[in-house]
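First up is the structure itself, then whatever we jot down about it.
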There are 2 protein chains.
Amino acid sequence: MAELNGNLLVGQSGGPTAVINASVAGVLQEAGRHECIEEIYGGLNGILGILNEELIDINEEKAKSIEGLKYTPAAALGTCRYKIDFKKKPEKAAKDMDRLFEVFAAHNIRYFFYAGGNDSQDTSHKIHEEAVKRGYEMRVIGVPKTIDNDLPHTDSCPGYGSVVKYCAATVMEVGTDVGSMATDDGSCCIIEVMGRAAGWIAAGTIAAKRTPACPPHIILLPELPFNEEAFLARVKETVAANKYCIVVVGEGLKNAAGEEIGADKTRLDAFGHPVLSGAADKLAEIIQGKLNTKTRTVKLGYAQRAAAHFASATDAKNAVACGEAAVRAAVEGKSGYMVKIVRDTQAAGLVRWSTGLQPLGDIANVEHFIPRDWISEDGLLPNEKFTQYVLPLIEGEVKVPMENGLPKFVTLEKVRVEKKLAPRA
Amino acid sequence: MAELNGNLLVGQSGGPTAVINASVAGVLQEAGRHECIEEIYGGLNGILGILNEELIDINEEKAKSIEGLKYTPAAALGTCRYKIDFKKKPEKAAKDMDRLFEVFAAHNIRYFFYAGGNDSQDTSHKIHEEAVKRGYEMRVIGVPKTIDNDLPHTDSCPGYGSVVKYCAATVMEVGTDVGSMATDDGSCCIIEVMGRAAGWIAAGTIAAKRTPACPPHIILLPELPFNEEAFLARVKETVAANKYCIVVVGEGLKNAAGEEIGADKTRLDAFGHPVLSGAADKLAEIIQGKLNTKTRTVKLGYAQRAAAHFASATDAKNAVACGEAAVRAAVEGKSGYMVKIVRDTQAAGLVRWSTGLQPLGDIANVEHFIPRDWISEDGLLPNEKFTQYVLPLIEGEVKVPMENGLPKFVTLEKVRVEKKLAPRA
C-alpha cells in the first residue's frame, strides 16, 4: 500500500463517556508519530460541525492538554446526535454526503476517525463506502465508544468499564449506608442506572457483590420483562433476611407488553404530557404500596457516564489503545474498519488486552445484548459468568490531578481552522 | 477533678455520613491511650440498641479494622432515628431514661459519647442532665455529625465537607458532559441534592464554579421561596449565553406558601398517595413546559452521603479530631459539651483547624442556617463569602484501599457483650 500523505480529522459522536477523550488523545498522539499525517484537525460537535466546516487545529493545542484528555470526561471536541439517514431522508443524506466530501477535499482530509456507538459506526461505514465510490482516497476507521457496551465483535466498549466502576462503588456505598440504618422495619433503596435497551450497566454492578449477603440483591434488566410478583417476593425475602434490600434497575425496564415501566401514560403533568417518573420511582411506588416498606431512590443520570474522578484505569488504557490502533491501521492502508478490544485471559485470571479490526459493515446497526446464560434463571441477578467478564474491566484507578479539592480537567483552546467553503446551504 | 475509672460506650445516630466512622475511630483510638478507661463498648444502632442492651466489645476488634473506619462510610455500629421525646411522650421518655441508666450502671459506663446531629445532641444533653440529677458519675460528650451542616457554634459539621466534595465534583463532571453535547437548541440538567430545611449542601456546590461561565449556573435553596419567574428568566439567559444550564436544587425547595415543590398534592399514585416527584423532576417539568428546553435530572440521594471513594481528607481529619477531643475532654473531667470545629484562617488563606467545646444546652434543637449575606441578592447563587467558607472543607482526598477495582471497606466483628439485665419491658 502506497504511503498516503494528507491531513487527519477526528470527531466525537453520541453521548459522552468518562474516557472518550482518552481515545481522542490516543488518535492525536499516535498521529504525531507518522510523517505521512500532516495537519491534525478536530471536528467540532462531530459530523454536525464538519458539515458546517467547523474544524479546530490540534497543533495549536498544548501537548499537556492532549495528555490531560486521558482523564477529562465528556467530549472535548463537542459531540452531536446527528444521523445521516439514507433510509428515512435519502435526499438530505445525499446532500450531507456531498457536503462532507467538499469539506474533506477542501482541507485535504485523508485520514478520518470517528469515535462513537452504533449510529456513529454506521456513519463511518457510509463515509468509507462513499469515499471508495467517489474514488476519493481517504482512510476511515471507527473508534468504539459507548457506556451501553452494545457494540458487537468487541470484548467491550471504552466507557463501559468506567461507568460500571462508578455505579458498582455507588451500590457498595449506598448498601453500606442503608444497611447501617436498617432496623426491623426494613428498608429498600432502588438505584436507577442508564441503559434503555441493553442492561450491561445494571448487570455490571454485580461487581459490588462480594458475598451472597452483599448488595446488589436484585438487578432488573431492560432485556427481560418485569415480573412484579417475582420481584416483590424477592424483595420481601431479602428484607426478611438482611433487614434491607438494594435493587439496581436499568432505566429502560419494560413490562410484558414491552412498555417502559417508568413512563406512566395514565398520569399527565401540568402540561398534559405523560409523567415520566422513571423506573426507580415506579418500583419504589410499587414496593411502598404493596409491601409497605420504606423505599428511597437514587438516579445517577449523566453523573454516571461523566464520573472521571473514579474512572477505570483499564478502561482508560483500552480507550487510548483504540485511538492509537485506529491511526496505525489507517497508516498501514486499512479503511472501513472499527477497532475492537480483544481479551486474552491467561493463567490465574490475568487478562492481557490487545486490539483488532472488524469491518464496519459487521458493526453498524447491530446491537449486542447480554447472553441469556450470563443471567440467573429467574432473571433477577447476573451469574458468575457475568462477574468474571466484568471484574477485569474495572481494575485500577485513573489518577486525576486535583485543584482546590476538585478534579482539574483540561479544556481545549479550539483555535479554528480557516474556512475555505461557502456556508452550507 | 478526680480520675474516673470505668467503661466507655460510644454510639452513632441519625443519617450516616462518609466520615461518621472516622469520628468513632478517633474516640476508640484515643480511649486506648487512657488507663482510666477500662472496657470499650459500642452501642448497636445508637440509643435503640443501648435500650435493648445490645453492646459490642470493641477490644475484640482488630486494630486495623478500627483504623479502617477512617475511610469506611455509613455507621459501622449501626444507627437509628430514635428520639427520647420528653415533650410529646413524657412517660415513655422517662421510662427510656430509667432503662438507659440501668444499662449504664449494669456495665459500669462512665464515659458516653454520641455522634450525631441536632436530635442526637439533644439526647446527649438530656442524658448528661439526668446523670447529674441522679448523681450517677458519668461524662457525656457529643460528637458532631451531619451532612446538613446545621449544628450551631461549630465552624462546620463532619460529613459536610465530604458530601460537598462529591456533589461539587458531580456538578463539574455533569457540566462538562452537558456542555459538550450542547447545540443551539440548548439543554438543562437539574441536580437534586439533600437538604430539606437548610441548603448548605446545594450552596456548597458553588465550589465547582471556577469561572463565571462554569456550572453551577443556578443554586436553589430551601431557605428561600422558589420564584418561578426569576428562575425561568435566569435559565433562559444562561442557555442563551452558554447553550446549557446546570441547576442544583436542595430537595426541600419550597414555594411562597412554604410547601415543598416536589410534593404535588394534586396528583395521586396508584395507591392514593400524593406523587413525590422530587424537586428536580418538578423543575424539569416546569422548564420543559414553559421554555421547551430539553431537561434531564440527577438525584444523588443516599449516594452523596456515602461517597467515601471521594471523601474530603480535611473533613475526615476533622472527624477523627472531634472523636479524639471528646475523649480527652471527658478524661479531663468535662461533661455536657459537644466538640466543635474551630477554623483559624492565616496568611495566604491557609487554614488551621482545631477543636473546642460548647455546652450541649447551646446546641440542642438549634438549627444553623446560611447567613443571608452569603447569598446573592437575587437568591440564585451563593457569593464569594460562601466560596471562601467552603473551599477549605473539601481540600484533600481520603486514600481508600482498593480490591478488585472497588473500595475495600471494613466491617466490624461485632462481638456482643453479655447481657446482664432482663429484656426491656
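Quick note on naming: the chains in the C-alpha cells go A, B, ... in the order shown, residues restart at 1 in each chain, and ligands are numbered from 1 in order of appearance.
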(request) Mind the document's chain letters and residue numbers, and return as a ChimeraX atom specification the residues of range 162-401 of chain B that DSSP labels helix (DSSP H, G or I). (result) /B:162-181,200-208,228-242,279-291,302-305,308-310,313-331,347-349,360-363,372-374,384-394
Write the selection just made, keeping C-alpha atoms, as a tab-separated table (two decimals), in the first residue's frame?
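Result written to part_12.tsv:
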chain	number	residue	atom	x	y	z
B	162	SER	CA	-17.20	15.16	52.01
B	163	VAL	CA	-20.74	15.46	50.71
B	164	VAL	CA	-19.87	18.82	49.16
B	165	LYS	CA	-16.69	17.47	47.58
B	166	TYR	CA	-18.63	14.66	45.91
B	167	CYS	CA	-21.60	16.80	44.85
B	168	ALA	CA	-19.37	19.59	43.52
B	169	ALA	CA	-17.31	17.07	41.51
B	170	THR	CA	-20.58	15.72	40.14
B	171	VAL	CA	-21.68	19.22	39.12
B	172	MET	CA	-18.33	19.76	37.42
B	173	GLU	CA	-18.46	16.42	35.59
B	174	VAL	CA	-22.12	16.67	34.59
B	175	GLY	CA	-21.49	20.24	33.45
B	176	THR	CA	-18.63	19.09	31.23
B	177	ASP	CA	-20.86	16.37	29.80
B	178	VAL	CA	-23.92	18.52	29.13
B	179	GLY	CA	-21.76	21.37	27.85
B	180	SER	CA	-20.06	19.09	25.32
B	181	MET	CA	-23.45	17.95	23.97
B	200	TRP	CA	-25.77	24.04	52.89
B	201	ILE	CA	-25.12	21.11	50.53
B	202	ALA	CA	-26.69	22.77	47.48
B	203	ALA	CA	-24.86	26.01	48.23
B	204	GLY	CA	-21.59	24.13	48.73
B	205	THR	CA	-21.52	23.04	45.09
B	206	ILE	CA	-20.50	26.63	44.31
B	207	ALA	CA	-17.02	25.18	44.85
B	208	ALA	CA	-17.26	23.80	41.30
B	228	GLU	CA	-40.59	30.59	39.21
B	229	GLU	CA	-40.46	33.71	37.09
B	230	ALA	CA	-36.97	34.77	38.18
B	231	PHE	CA	-35.78	31.17	37.85
B	232	LEU	CA	-37.06	30.72	34.30
B	233	ALA	CA	-35.62	34.07	33.26
B	234	ARG	CA	-32.19	33.04	34.55
B	235	VAL	CA	-32.38	29.63	32.87
B	236	LYS	CA	-33.28	31.28	29.56
B	237	GLU	CA	-30.47	33.80	29.89
B	238	THR	CA	-27.94	31.09	30.78
B	239	VAL	CA	-28.93	28.85	27.88
B	240	ALA	CA	-28.72	31.83	25.52
B	241	ALA	CA	-25.20	32.60	26.72
B	242	ASN	CA	-23.76	29.07	27.14
B	279	ALA	CA	-37.78	18.93	43.38
B	280	ALA	CA	-35.57	18.20	40.34
B	281	ASP	CA	-38.28	16.41	38.38
B	282	LYS	CA	-40.71	19.21	39.17
B	283	LEU	CA	-38.25	21.85	37.94
B	284	ALA	CA	-37.61	19.81	34.78
B	285	GLU	CA	-41.34	19.69	34.15
B	286	ILE	CA	-41.55	23.49	34.53
B	287	ILE	CA	-38.58	24.19	32.22
B	288	GLN	CA	-39.71	21.76	29.54
B	289	GLY	CA	-43.28	23.02	29.75
B	290	LYS	CA	-42.56	26.75	29.78
B	291	LEU	CA	-39.28	27.05	27.83
B	302	TYR	CA	-28.05	8.36	49.64
B	303	ALA	CA	-25.11	8.07	47.21
B	304	GLN	CA	-23.94	11.55	48.20
B	305	ARG	CA	-23.63	10.98	51.93
B	308	ALA	CA	-16.32	7.55	50.74
B	309	HIS	CA	-14.49	6.86	47.47
B	310	PHE	CA	-14.18	10.64	47.08
B	313	ALA	CA	-9.32	14.43	53.70
B	314	THR	CA	-9.89	17.67	55.63
B	315	ASP	CA	-13.36	16.50	56.63
B	316	ALA	CA	-12.11	13.05	57.65
B	317	LYS	CA	-9.26	14.54	59.69
B	318	ASN	CA	-11.67	16.91	61.47
B	319	ALA	CA	-14.00	13.98	62.14
B	320	VAL	CA	-11.19	11.98	63.76
B	321	ALA	CA	-10.10	15.07	65.72
B	322	CYS	CA	-13.64	15.53	67.09
B	323	GLY	CA	-13.69	11.95	68.36
B	324	GLU	CA	-10.28	12.28	69.97
B	325	ALA	CA	-11.14	15.65	71.53
B	326	ALA	CA	-14.34	14.21	73.01
B	327	VAL	CA	-12.39	11.53	74.88
B	328	ARG	CA	-9.70	13.96	76.04
B	329	ALA	CA	-12.34	16.38	77.36
B	330	ALA	CA	-14.12	13.60	79.23
B	331	VAL	CA	-10.91	12.27	80.74
B	347	ALA	CA	-1.95	34.45	55.92
B	348	ALA	CA	-2.42	33.39	52.28
B	349	GLY	CA	-5.74	31.78	53.14
B	360	LEU	CA	-24.79	20.93	74.83
B	361	GLY	CA	-27.53	23.24	76.05
B	362	ASP	CA	-26.44	25.76	73.40
B	363	ILE	CA	-26.63	23.15	70.64
B	372	ARG	CA	-28.33	35.71	54.09
B	373	ASP	CA	-25.34	37.86	53.12
B	374	TRP	CA	-23.50	34.75	51.83
B	384	GLU	CA	-17.74	34.85	47.35
B	385	LYS	CA	-18.18	34.68	51.14
B	386	PHE	CA	-19.68	31.23	50.76
B	387	THR	CA	-16.95	30.08	48.38
B	388	GLN	CA	-14.27	31.19	50.85
B	389	TYR	CA	-16.07	29.29	53.59
B	390	VAL	CA	-16.50	26.05	51.69
B	391	LEU	CA	-13.26	25.58	49.73
B	392	PRO	CA	-11.02	24.66	52.70
B	393	LEU	CA	-13.55	21.99	53.75
B	394	ILE	CA	-13.12	19.94	50.57
(request) Skip range 39-48 of chain A itself and residues of its chain fewer than 3 positions away, then list as an MDAnalysis selection string all residues within 9 Å of it, counting only C-alpha atoms. (result) (chainID A and resid 6:14 28 31:32 51:59 75:84 100 109 114:115 123 414 417) or (chainID B and resid 180:183)
(message) From the options B:Thr72, B:Asn108, B:Asn383, B:Asn149, which residue's atoms come nearest to chain A, counting only C-alpha atoms?
(response) B:Thr72
(request) Once DSSP has gone over the backbone, tell me which residues of range 215-340 of chain B are in strand (DSSP E), as a PyMOL selection string. (result) chain B and resi 218-220+244-250+263-268+274-276+294-299+337-340
(request) Excluding Asp119 in chain B and residues on its chain fewer than 2 positions from it, collect all residues at most 7 Å away from it, counting only C-alpha atoms, and give them as a list in words. (result)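 In the requested format, the answer is Lys83, Gly117, Gln121, Asp122, Thr123, Ala364 and Asn365 of chain B.
Near Ala22 in chain A, within a cut-off of 6 Å and counting only C-alpha atoms, sit the residues Val19, Ile20, Val24, Ala25, Leu69, Lys70, Ala319 and Val320 of chain A, with same-chain residues fewer than 2 positions away left out.
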Expected file: the selected residues, C-alpha atoms, as an mmCIF file, in the first residue's frame:
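So part.cif came out as:
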data_model
loop_
_atom_site.group_PDB
_atom_site.id
_atom_site.type_symbol
_atom_site.label_atom_id
_atom_site.label_comp_id
_atom_site.auth_asym_id
_atom_site.auth_seq_id
_atom_site.Cartn_x
_atom_site.Cartn_y
_atom_site.Cartn_z
ATOM 1 C CA VAL A 19 -12.916 8.062 28.525
ATOM 2 C CA ILE A 20 -13.971 9.115 25.008
ATOM 3 C CA VAL A 24 -9.034 11.064 21.011
ATOM 4 C CA ALA A 25 -5.757 11.531 22.903
ATOM 5 C CA LEU A 69 -7.656 14.398 27.737
ATOM 6 C CA LYS A 70 -6.796 10.980 29.189
ATOM 7 C CA ALA A 319 -9.677 3.717 25.160
ATOM 8 C CA VAL A 320 -6.237 5.186 24.416
#
(request) Would you kindly return, as a PyMOL selection string, each protein, DNA or RNA residue with an atom no farther than 7 Å from any atom of range 335-340 of chain A, considering only C-alpha atoms and excluding same-chain residues fewer than 5 positions away? (result) chain A and resi 125+128+139-144+153-154+322+325-326+330+355-360
